[in-house]
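Q: Below is my_file-v1.txt; it holds compact mmCIF, C-alpha atoms (C1' of nucleotides).
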# COMPACT_ATOMS: atom_id res chain seq x y z
CA MET A 14 -18.24 85.26 85.74
CA GLY A 15 -20.06 88.45 84.88
CA GLU A 16 -17.04 90.60 85.61
CA GLU A 17 -14.20 88.45 84.32
CA GLY A 18 -15.86 86.31 81.68
CA VAL A 19 -17.32 82.87 82.20
CA ASN A 20 -13.94 81.18 82.29
CA GLY A 21 -12.57 83.87 84.56
CA LEU A 22 -14.20 82.15 87.51
CA THR A 23 -11.64 81.14 90.15
CA LEU A 24 -12.00 79.37 93.45
CA SER A 25 -9.76 82.00 95.01
CA GLU A 26 -12.19 84.73 94.08
CA VAL A 27 -15.15 82.71 95.32
CA ALA A 28 -13.36 82.25 98.64
CA ARG A 29 -12.52 85.94 98.76
CA ARG A 30 -16.15 86.96 98.35
CA LEU A 31 -17.33 84.41 100.86
CA GLY A 32 -14.83 85.77 103.36
CA VAL A 33 -13.22 82.36 103.60
CA GLN A 34 -9.84 80.84 102.79
CA PRO A 35 -9.55 78.93 99.49
CA PRO A 36 -8.88 75.48 101.01
CA SER A 37 -12.19 75.64 102.87
CA LEU A 38 -14.05 75.39 99.57
CA TYR A 39 -12.74 71.89 98.97
CA LYS A 40 -15.15 70.65 101.64
CA TYR A 41 -18.00 71.63 99.32
CA VAL A 42 -16.61 71.10 95.85
CA ASP A 43 -14.05 68.69 94.44
CA SER A 44 -12.45 71.00 91.92
CA LEU A 45 -13.04 74.08 89.85
CA MET A 46 -14.50 71.94 87.07
CA ALA A 47 -16.86 70.30 89.54
CA LEU A 48 -18.08 73.77 90.45
CA TYR A 49 -18.73 74.54 86.80
CA ASP A 50 -20.65 71.28 86.56
CA GLN A 51 -22.87 72.30 89.49
CA LEU A 52 -23.54 75.70 87.94
CA PHE A 53 -24.32 74.01 84.63
CA ARG A 54 -26.65 71.45 86.22
CA ARG A 55 -28.60 73.94 88.31
CA GLY A 56 -28.83 76.31 85.38
CA MET A 57 -30.18 73.64 83.07
CA GLN A 58 -32.69 72.56 85.69
CA ALA A 59 -33.95 76.08 86.39
CA HIS A 60 -34.15 76.90 82.70
CA LEU A 61 -36.10 73.74 81.92
CA GLU A 62 -38.54 74.42 84.73
CA VAL A 63 -39.19 77.99 83.63
CA MET A 64 -39.76 76.86 80.07
CA ARG A 65 -42.01 73.98 81.00
CA VAL A 66 -44.26 76.09 83.19
CA ALA A 67 -44.56 78.79 80.53
CA MET A 68 -45.43 76.27 77.86
CA GLU A 69 -47.99 74.45 79.96
CA GLN A 70 -49.74 77.69 80.83
CA ALA A 71 -49.83 78.77 77.20
CA GLY A 72 -51.56 75.72 75.78
CA THR A 73 -50.27 73.71 72.85
CA GLY A 74 -48.64 74.08 69.44
CA LEU A 75 -47.25 77.43 68.38
CA ASP A 76 -48.70 79.19 71.39
CA ALA A 77 -46.76 76.92 73.70
CA LEU A 78 -43.62 77.16 71.61
CA ASN A 79 -43.72 80.95 71.51
CA ALA A 80 -44.36 81.16 75.24
CA GLY A 81 -41.53 78.74 75.91
CA LEU A 82 -39.04 80.66 73.80
CA ASP A 83 -40.09 83.92 75.40
CA ALA A 84 -39.57 82.45 78.85
CA SER A 85 -36.28 80.95 77.77
CA GLY A 86 -35.05 84.27 76.43
CA ARG A 87 -36.01 86.07 79.60
CA TRP A 88 -34.26 83.53 81.75
CA CYS A 89 -31.11 83.51 79.61
CA LEU A 90 -30.81 87.28 79.60
CA ALA A 91 -31.43 87.44 83.34
CA ASN A 92 -28.79 84.76 83.89
CA GLY A 93 -26.32 85.81 81.22
CA PRO A 94 -23.10 84.14 82.37
CA ILE A 95 -24.81 80.90 83.37
CA ALA A 96 -26.60 80.80 80.03
CA GLN A 97 -23.29 81.32 78.26
CA LEU A 98 -21.82 78.44 80.22
CA MET A 99 -24.78 76.29 79.24
CA PHE A 100 -25.09 77.09 75.56
CA TRP A 101 -21.76 78.48 74.36
CA ARG A 102 -19.22 76.30 76.20
CA PRO A 103 -16.64 79.00 76.79
CA VAL A 104 -14.59 76.97 79.29
CA PRO A 105 -12.08 74.89 77.32
CA ARG A 106 -11.57 71.84 79.47
CA PHE A 107 -15.07 71.68 80.95
CA GLU A 108 -17.33 68.88 79.77
CA PRO A 109 -20.70 68.74 81.52
CA SER A 110 -21.50 65.40 83.14
CA ALA A 111 -24.33 63.27 81.79
CA ASP A 112 -26.26 64.08 84.95
CA ALA A 113 -25.93 67.80 84.32
CA MET A 114 -26.99 67.40 80.69
CA ALA A 115 -30.18 65.47 81.45
CA PRO A 116 -32.53 68.49 81.64
CA SER A 117 -31.29 69.59 78.24
CA VAL A 118 -32.48 66.33 76.69
CA GLU A 119 -35.90 66.84 78.23
CA MET A 120 -36.01 70.42 76.96
CA VAL A 121 -35.47 69.26 73.39
CA ALA A 122 -38.23 66.73 73.82
CA ILE A 123 -40.89 69.20 74.92
CA GLN A 124 -40.01 71.57 72.09
CA ARG A 125 -40.22 68.72 69.64
CA ARG A 126 -43.66 67.86 71.05
CA ALA A 127 -44.85 71.47 70.62
CA LEU A 128 -43.80 71.36 66.97
CA ALA A 129 -45.68 68.10 66.45
CA ASP A 130 -48.74 69.65 68.09
CA ALA A 131 -48.49 72.67 65.81
CA VAL A 132 -48.56 70.34 62.82
CA ALA A 133 -51.51 68.42 64.25
CA LEU A 134 -53.34 71.70 64.77
CA GLY A 135 -52.72 72.73 61.18
CA GLN A 136 -50.60 75.70 62.24
CA LEU A 137 -47.58 74.35 60.40
CA GLY A 138 -47.01 71.95 57.54
CA PRO A 139 -45.95 68.35 58.18
CA LYS A 140 -42.27 69.10 57.56
CA ALA A 141 -42.26 71.16 60.75
CA ASP A 142 -42.49 67.90 62.72
CA SER A 143 -38.77 67.38 62.21
CA GLU A 144 -35.32 67.84 63.61
CA GLN A 145 -34.69 70.51 61.02
CA ALA A 146 -37.52 72.72 62.27
CA LEU A 147 -36.06 72.40 65.74
CA TYR A 148 -32.74 73.65 64.43
CA VAL A 149 -34.44 76.60 62.79
CA VAL A 150 -36.06 77.53 66.08
CA SER A 151 -32.73 77.11 67.88
CA VAL A 152 -31.09 79.42 65.35
CA PHE A 153 -33.73 82.06 66.03
CA ILE A 154 -33.28 81.95 69.77
CA ALA A 155 -29.50 81.64 69.59
CA GLY A 156 -29.31 84.56 67.20
CA VAL A 157 -31.56 86.85 69.19
CA PHE A 158 -30.05 85.94 72.53
CA GLY A 159 -26.50 86.09 71.21
CA GLN A 160 -26.92 89.53 69.69
CA ALA A 161 -28.75 90.83 72.75
CA LEU A 162 -26.11 89.55 75.14
CA ALA A 163 -23.18 90.78 73.04
CA ASN A 164 -24.57 94.21 72.23
CA GLU A 165 -26.99 95.21 74.96
CA PRO A 166 -26.51 92.80 77.87
CA ASP A 167 -28.08 95.11 80.45
CA LEU A 168 -31.39 95.70 78.69
CA PRO A 169 -34.27 93.53 79.88
CA TRP A 170 -35.96 91.06 77.55
CA GLY A 171 -38.50 92.65 75.24
CA THR A 172 -36.60 95.93 74.93
CA GLY A 173 -33.68 96.97 72.73
CA ARG A 174 -32.94 96.15 69.13
CA PHE A 175 -32.94 92.35 69.17
CA THR A 176 -35.22 90.63 71.65
CA PRO A 177 -38.42 92.16 70.19
CA LEU A 178 -37.51 90.42 66.92
CA LEU A 179 -38.10 86.90 68.24
CA PRO A 180 -41.92 86.96 67.97
CA LYS A 181 -41.64 88.46 64.50
CA LEU A 182 -39.30 85.65 63.47
CA MET A 183 -41.58 83.02 64.93
CA ASP A 184 -44.39 84.54 62.86
CA VAL A 185 -42.58 83.53 59.67
CA LEU A 186 -42.41 79.84 60.65
CA PRO A 187 -45.62 79.18 58.67
CA ALA A 188 -43.87 80.68 55.63
CA LEU A 189 -41.07 78.15 56.05
CA TYR A 190 -43.43 75.25 56.77
CA PRO A 191 -46.70 76.14 55.06
CA PRO A 192 -49.76 74.20 56.19
CA SER A 193 -51.28 72.34 53.23
CA SER A 194 -54.92 73.23 53.94
CA THR A 195 -56.00 76.59 55.34
CA LYS A 196 -57.69 75.33 58.48
CA LYS A 197 -56.95 77.42 61.54
CA LYS A 198 -56.73 76.42 65.19
CA MET B 11 -7.06 80.67 71.20
CA GLY B 12 -8.48 77.59 69.55
CA GLU B 13 -7.13 75.30 72.21
CA GLU B 14 -7.60 77.37 75.35
CA GLY B 15 -10.49 79.65 74.45
CA VAL B 16 -10.21 83.13 73.03
CA ASN B 17 -9.22 84.68 76.33
CA GLY B 18 -6.79 81.85 77.01
CA LEU B 19 -4.28 83.55 74.76
CA THR B 20 -1.05 84.38 76.63
CA LEU B 21 2.13 86.08 75.53
CA SER B 22 4.09 83.32 77.23
CA GLU B 23 2.49 80.70 75.02
CA VAL B 24 3.05 82.80 71.92
CA ALA B 25 6.72 83.07 72.85
CA ARG B 26 6.89 79.34 73.52
CA ARG B 27 5.56 78.49 70.08
CA LEU B 28 7.82 81.00 68.39
CA GLY B 29 10.81 79.45 70.17
CA VAL B 30 11.55 82.77 71.79
CA GLN B 31 11.65 84.16 75.31
CA PRO B 32 8.61 86.18 76.44
CA PRO B 33 10.38 89.54 76.85
CA SER B 34 11.38 89.47 73.19
CA LEU B 35 7.75 89.92 72.20
CA TYR B 36 7.62 93.37 73.73
CA LYS B 37 9.68 94.64 70.81
CA TYR B 38 6.69 93.85 68.59
CA VAL B 39 3.70 94.43 70.77
CA ASP B 40 3.04 96.76 73.69
CA SER B 41 0.91 94.44 75.75
CA LEU B 42 -1.39 91.46 75.58
CA MET B 43 -4.35 93.76 74.93
CA ALA B 44 -2.46 95.43 72.09
CA LEU B 45 -2.01 91.99 70.55
CA TYR B 46 -5.75 91.36 70.79
CA ASP B 47 -6.30 94.70 69.10
CA GLN B 48 -4.04 93.69 66.20
CA LEU B 49 -5.87 90.37 65.82
CA PHE B 50 -9.19 92.19 65.94
CA ARG B 51 -8.13 94.79 63.37
CA ARG B 52 -6.68 92.31 60.89
CA GLY B 53 -9.67 90.04 61.30
CA MET B 54 -12.14 92.84 60.66
CA GLN B 55 -10.18 93.94 57.62
CA ALA B 56 -9.94 90.46 56.10
CA HIS B 57 -13.60 89.76 56.81
CA LEU B 58 -14.71 93.00 55.21
CA GLU B 59 -12.60 92.35 52.14
CA VAL B 60 -13.97 88.83 51.68
CA MET B 61 -17.53 90.09 52.03
CA ARG B 62 -17.06 93.03 49.74
CA VAL B 63 -15.58 90.94 46.94
CA ALA B 64 -18.32 88.32 47.22
CA MET B 65 -21.05 90.97 47.10
CA GLU B 66 -19.55 92.82 44.15
CA GLN B 67 -19.27 89.63 42.15
CA ALA B 68 -22.85 88.66 42.92
CA GLY B 69 -24.52 91.81 41.67
CA THR B 70 -26.98 93.86 43.72
CA GLY B 71 -29.89 93.53 46.11
CA LEU B 72 -30.71 90.17 47.63
CA ASP B 73 -28.21 88.36 45.42
CA ALA B 74 -25.40 90.49 46.81
CA LEU B 75 -26.69 90.19 50.36
CA ASN B 76 -26.94 86.41 50.16
CA ALA B 77 -23.49 86.11 48.64
CA GLY B 78 -22.05 88.41 51.29
CA LEU B 79 -23.58 86.45 54.15
CA ASP B 80 -22.40 83.20 52.64
CA ALA B 81 -18.87 84.53 52.34
CA SER B 82 -19.06 85.93 55.85
CA GLY B 83 -20.19 82.60 57.26
CA ARG B 84 -17.42 80.75 55.50
CA TRP B 85 -14.81 83.16 56.74
CA CYS B 86 -16.12 83.12 60.31
CA LEU B 87 -16.20 79.35 60.46
CA ALA B 88 -12.72 79.08 58.95
CA ASN B 89 -11.44 81.64 61.47
CA GLY B 90 -13.48 80.58 64.49
CA PRO B 91 -11.50 82.07 67.36
CA ILE B 92 -10.82 85.36 65.57
CA ALA B 93 -14.49 85.63 64.64
CA GLN B 94 -15.41 85.04 68.26
CA LEU B 95 -13.04 87.80 69.31
CA MET B 96 -14.63 90.09 66.74
CA PHE B 97 -18.31 89.42 67.34
CA TRP B 98 -18.70 87.96 70.82
CA ARG B 99 -16.21 89.98 72.88
CA PRO B 100 -15.13 87.15 75.16
CA VAL B 101 -12.10 89.01 76.59
CA PRO B 102 -13.32 91.04 79.55
CA ARG B 103 -10.95 93.99 79.63
CA PHE B 104 -10.39 94.25 75.89
CA GLU B 105 -11.98 97.17 74.08
CA PRO B 106 -11.09 97.40 70.38
CA SER B 107 -9.58 100.71 69.33
CA ALA B 108 -11.50 103.00 66.99
CA ASP B 109 -8.95 102.16 64.31
CA ALA B 110 -9.63 98.45 64.67
CA MET B 111 -13.40 99.01 64.54
CA ALA B 112 -13.37 101.04 61.34
CA PRO B 113 -13.89 98.10 58.91
CA SER B 114 -16.93 97.07 60.92
CA VAL B 115 -18.60 100.41 60.25
CA GLU B 116 -17.96 100.01 56.53
CA MET B 117 -19.36 96.46 56.64
CA VAL B 118 -22.65 97.69 58.09
CA ALA B 119 -22.82 100.34 55.37
CA ILE B 120 -22.49 97.92 52.48
CA GLN B 121 -25.12 95.60 53.94
CA ARG B 122 -27.43 98.55 54.40
CA ARG B 123 -26.86 99.48 50.77
CA ALA B 124 -27.71 95.95 49.62
CA LEU B 125 -30.99 96.13 51.53
CA ALA B 126 -31.82 99.48 49.94
CA ASP B 127 -31.05 98.00 46.52
CA ALA B 128 -33.31 95.04 47.22
CA VAL B 129 -36.12 97.45 47.98
CA ALA B 130 -35.40 99.45 44.82
CA LEU B 131 -35.46 96.23 42.82
CA GLY B 132 -38.84 95.28 44.28
CA GLN B 133 -37.41 92.20 45.95
CA LEU B 134 -38.40 93.48 49.37
CA GLY B 135 -40.93 95.94 50.70
CA PRO B 136 -39.92 99.48 51.70
CA LYS B 137 -39.64 98.60 55.39
CA ALA B 138 -36.62 96.44 54.55
CA ASP B 139 -34.66 99.65 53.94
CA SER B 140 -34.21 100.03 57.69
CA GLU B 141 -32.03 99.41 60.67
CA GLN B 142 -34.49 96.78 61.83
CA ALA B 143 -34.05 94.67 58.72
CA LEU B 144 -30.32 94.82 59.29
CA TYR B 145 -30.85 93.47 62.80
CA VAL B 146 -32.97 90.63 61.45
CA VAL B 147 -30.21 89.68 59.05
CA SER B 148 -27.63 89.91 61.84
CA VAL B 149 -29.76 87.62 63.98
CA PHE B 150 -29.86 85.06 61.17
CA ILE B 151 -26.12 85.03 60.68
CA ALA B 152 -25.34 85.20 64.41
CA GLY B 153 -27.74 82.35 65.09
CA VAL B 154 -26.46 80.09 62.35
CA PHE B 155 -22.81 80.85 63.01
CA GLY B 156 -23.22 80.58 66.77
CA GLN B 157 -24.95 77.23 66.61
CA ALA B 158 -22.47 75.89 64.07
CA LEU B 159 -19.47 76.98 66.06
CA ALA B 160 -20.83 75.72 69.36
CA ASN B 161 -22.10 72.37 68.12
CA GLU B 162 -20.08 71.38 65.08
CA PRO B 163 -17.04 73.66 64.92
CA ASP B 164 -15.02 71.34 62.68
CA LEU B 165 -17.55 70.94 59.88
CA PRO B 166 -17.03 73.19 56.87
CA TRP B 167 -19.58 75.81 55.91
CA GLY B 168 -22.51 74.39 53.96
CA THR B 169 -22.49 71.06 55.75
CA GLY B 170 -23.92 69.98 59.08
CA ARG B 171 -27.21 70.88 60.70
CA PHE B 172 -27.04 74.65 60.85
CA THR B 173 -25.11 76.39 58.08
CA PRO B 174 -27.38 75.05 55.28
CA LEU B 175 -30.25 76.84 57.03
CA LEU B 176 -28.98 80.34 56.26
CA PRO B 177 -30.16 80.42 52.60
CA LYS B 178 -33.53 79.03 53.68
CA LEU B 179 -33.84 81.77 56.28
CA MET B 180 -32.88 84.45 53.79
CA ASP B 181 -35.62 83.11 51.54
CA VAL B 182 -38.24 84.13 54.08
CA LEU B 183 -37.11 87.76 54.16
CA PRO B 184 -39.78 88.62 51.55
CA ALA B 185 -42.36 87.15 53.94
CA LEU B 186 -41.17 89.56 56.63
CA TYR B 187 -40.95 92.52 54.26
CA PRO B 188 -43.43 91.81 51.48
CA PRO B 189 -43.01 93.82 48.29
CA SER B 190 -46.17 95.82 47.59
CA SER B 191 -46.38 94.97 43.90
CA THR B 192 -45.51 91.58 42.48
CA LYS B 193 -42.78 92.62 40.05
CA LYS B 194 -39.79 90.28 40.11
CA LYS B 195 -36.10 91.02 39.62
C1' DG C 16 16.59 92.31 68.49
C1' DT C 17 17.42 88.75 71.65
C1' DC C 18 18.60 87.25 75.98
C1' DT C 19 18.87 86.46 81.54
C1' DA C 20 17.23 87.80 85.74
C1' DT C 21 13.78 89.44 88.36
C1' DA C 22 9.53 91.70 90.46
C1' DT C 23 4.87 91.00 91.26
C1' DT C 24 0.92 88.55 91.34
C1' DA C 25 -2.06 84.90 90.78
C1' DT C 26 -3.85 80.10 90.44
C1' DG C 27 -5.43 74.94 91.83
C1' DA C 28 -4.65 71.84 95.06
C1' DT C 29 -2.93 69.18 99.32
C1' DA C 30 -1.26 68.22 104.25
C1' DG C 31 -2.28 68.60 108.53
C1' DA C 32 -3.29 71.48 112.91
C1' DC C 33 -7.24 72.96 115.56
C1' DG D 26 -15.58 72.78 109.00
C1' DT D 27 -12.16 76.20 109.09
C1' DC D 28 -7.63 77.50 109.25
C1' DT D 29 -2.16 78.12 108.15
C1' DA D 30 1.45 76.67 105.51
C1' DT D 31 3.01 75.06 101.45
C1' DC D 32 3.80 73.03 96.64
C1' DA D 33 3.94 73.59 91.93
C1' DT D 34 2.93 76.37 88.27
C1' DA D 35 1.93 80.20 85.58
C1' DA D 36 1.15 84.97 84.07
C1' DT D 37 2.47 90.21 82.62
C1' DA D 38 5.90 93.15 82.56
C1' DT D 39 10.50 95.65 83.29
C1' DA D 40 15.70 96.36 83.73
C1' DG D 41 19.59 95.89 81.66
C1' DA D 42 23.45 92.93 79.50
C1' DC D 43 24.96 91.54 74.95
What is this file in structure tokens?
A:
Amino acid sequence: MGEEGVNGLTLSEVARRLGVQPPSLYKYVDSLMALYDQLFRRGMQAHLEVMRVAMEQAGTGLDALNAGLDASGRWCLANGPIAQLMFWRPVPRFEPSADAMAPSVEMVAIQRRALADAVALGQLGPKADSEQALYVVSVFIAGVFGQALANEPDLPWGTGRFTPLLPKLMDVLPALYPPSSTKKK
Amino acid sequence: MGEEGVNGLTLSEVARRLGVQPPSLYKYVDSLMALYDQLFRRGMQAHLEVMRVAMEQAGTGLDALNAGLDASGRWCLANGPIAQLMFWRPVPRFEPSADAMAPSVEMVAIQRRALADAVALGQLGPKADSEQALYVVSVFIAGVFGQALANEPDLPWGTGRFTPLLPKLMDVLPALYPPSSTKKK
DNA sequence: GTCTATATTATGATAGAC
DNA sequence: GTCTATCATAATATAGAC
């Protein structure tokens, strides 16, 4: 997928690199689309786990959210093609199964919780406890990750022109959702 | 490209839809990659023109920048697959020619100029007259456009969950690059 | 400027031997 | 669990007739 594009994956090439004949693969996978589904499922699971651990270690509220996005960005950049498969859907006739999508639902939930915590802590105004705020955060991460992957895919997270911008962008969240009082965490 | 993904374009399918045999196409185009280059070049040209007109009509500084990004977003969403070809590079062995890239260079220049104007007008602080500020803006547009195209590709610009966020994000630019004095445009 | 015919290469998938 | 053989399909591209 890295060499030929995400939808350049073929069972023939997989077989070639495994030193095996193509029909042998059908003992392990039902079809090419089933293989994509496996890659999608495992990717979603690994990504969720990485994010969850980072957020739990960081605490609550904005700290957790920032740590989670940082971990997410690192994982996505380190797993470029899988992340593209997960978040950009570049394979026309591939629809992930409900099973494969499950971790994604959970991921949204923990981010939503972090936003609610940030509001409870007075880090953000009440409007940040919303779907819209979640979309804003998703735009930040999608923008940074997308630009990094398209323009400097080989640079590690935290270097280059784009990935260092994510913390700066997260710092303006309070400008978008100003806390009413001035109490700090 | 819309139906099969950007790199699902084939000369055979083009011929099929033109009601023509595949070899006939070689009178008009040297190769599949040359066809991609034409699509890229014309797309870049049209996109630049749309942006330039919108910015000139809107005035200078942040007004021009906002109008340009709005026009850009509309164009990209209305020309999804071409925009993907232009900004995401989803075709592995395709490298746009220098000729095809030329409008892109000009596009960066006019955005840079709008940022400099915004600083001169006191709308943004001096640090906004920088490459970094350009990257921030590109992250905004890439994030919004990417999320819109991936999640709600058929909704027009200005509707849905993501594209209405772009003006709100542009509104926080002064929080990222605060003007030193408080003079307004 | 269009066509037929063809070369070359590749794919996903199945049947069935071992 | 791996293989060979095969089916059906598709792609880019060229040669050369008309």
Q: Write out as a tab-separated table (two decimals) with C-alpha atoms, keeping the file's coordinate frame each polymer residue whose atoms come within 6 Å of stretch 67-74 of chain B, counting all atoms listed in the file; drop sequence neighbours fewer than 6 positions from it.
A:
chain	number	residue	atom	x	y	z
B	124	ALA	CA	-27.71	95.95	49.62
B	127	ASP	CA	-31.05	98.00	46.52
B	128	ALA	CA	-33.31	95.04	47.22
Q: Ranking B:Leu134, B:Leu45, B:Met61, B:Ala185 by minimum distance to chain A and counting only C-alpha atoms, which one comes first?
A: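 Closest candidate: B:Ala185.
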Q: Rounded to one decimal in Å, what is the spacing between atom CA of B:Ile151 and atom CA of B:Gly83?
A: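 Atom CA of B:Ile151 sits 7.3 Å away from atom CA of B:Gly83.
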Q: Output as CSV one row per residue of chain D within 10 Å of chain A: the closest atom pair and its distance in Å to one decimal place, counting only C-alpha atoms (C1' of nucleotides), sorted by chain and residue number ascending.
A:
residue,atom,partner,partner_atom,distance
D:DG26,C1',A:Ser37,CA,7.6
D:DT27,C1',A:Ser37,CA,6.2
D:DC28,C1',A:Gln34,CA,7.6
D:DT29,C1',A:Gln34,CA,9.8
Q: Could you give me, as a list in words, the residues within 12 Å of D:DC32, counting all atoms listed in the file and dropping anything in the same chain fewer than 2 positions from it?
A: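 After dropping sequence-adjacent residues, the list is DG27, DA28, DT29 and DA30 of chain C; DA30 and DT34 of chain D.
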Q: Could you work out how far atom CA of B:Cys86 lies from atom CA of B:Phe155, giving the answer in Å with one decimal?
A: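 So the answer is 7.6 Å.
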Q: Identify all chain B residues at most 8 Å from chain A by counting only C-alpha atoms; ligands do not count. Present them as a VMD selection string.
A: chain B and resid 13 to 15 97 to 103 142 145 to 146 148 to 154 156 to 157 160 171 to 172 175 178 182 185 to 186
Q: Would you tabulate, counting all atoms listed in the file, all residues of chain C that have an atom at most 10 Å from an atom of chain B, showing the closest pair of atoms and their distance in Å to one decimal, sorted by chain then ascending number, as JSON lines?
A:
{"residue": "C:DG16", "atom": "C1'", "partner": "B:Ser34", "partner_atom": "CA", "distance": 7.6}
{"residue": "C:DT17", "atom": "C1'", "partner": "B:Ser34", "partner_atom": "CA", "distance": 6.3}
{"residue": "C:DC18", "atom": "C1'", "partner": "B:Gln31", "partner_atom": "CA", "distance": 7.6}
{"residue": "C:DT19", "atom": "C1'", "partner": "B:Gln31", "partner_atom": "CA", "distance": 9.8}
Q: Between atom CA of A:Ala47 and atom CA of A:His60, what is the spacing in Å?
A: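 Interatomic distance here is 19.7 Å.
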Q: Using all atoms listed in the file, which of the listed residues (B:Leu87, B:Leu21, B:Val39, B:Ala77) sits closest to B:Glu162?
A: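 Looking only at the distances to B:Glu162, the closest residue turns out to be B:Leu87.
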Q: Padding 6 Å on each side, edges along x, y and z: where is the centre of the box around the listed atoms of stretch 154-172 of chain B, and how long are its edges in Å to one decimal? Output it as lines of an AutoDock Vina configuration file.
A:
center_x = -21.1
center_y = 75.4
center_z = 61.7
size_x = 24.2
size_y = 22.9
size_z = 27.4
Q: Restricting the calculation to all atoms listed in the file: of B:Leu42, B:Leu19, B:Ser190, B:Gly135, which residue gets closest to D:DT37?
A: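 Counting all atoms listed in the file, the residue closest to D:DT37 is B:Leu42.
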Q: Please provide the set of residues having any atom within 12 Å of B:Arg52, restricted to only C-alpha atoms (C1' of nucleotides), with same-chain residues fewer than 4 positions apart removed, written as a ChimeraX atom specification.
A: /B:45-48,56-59,89,92-93,95-96,106,109-114
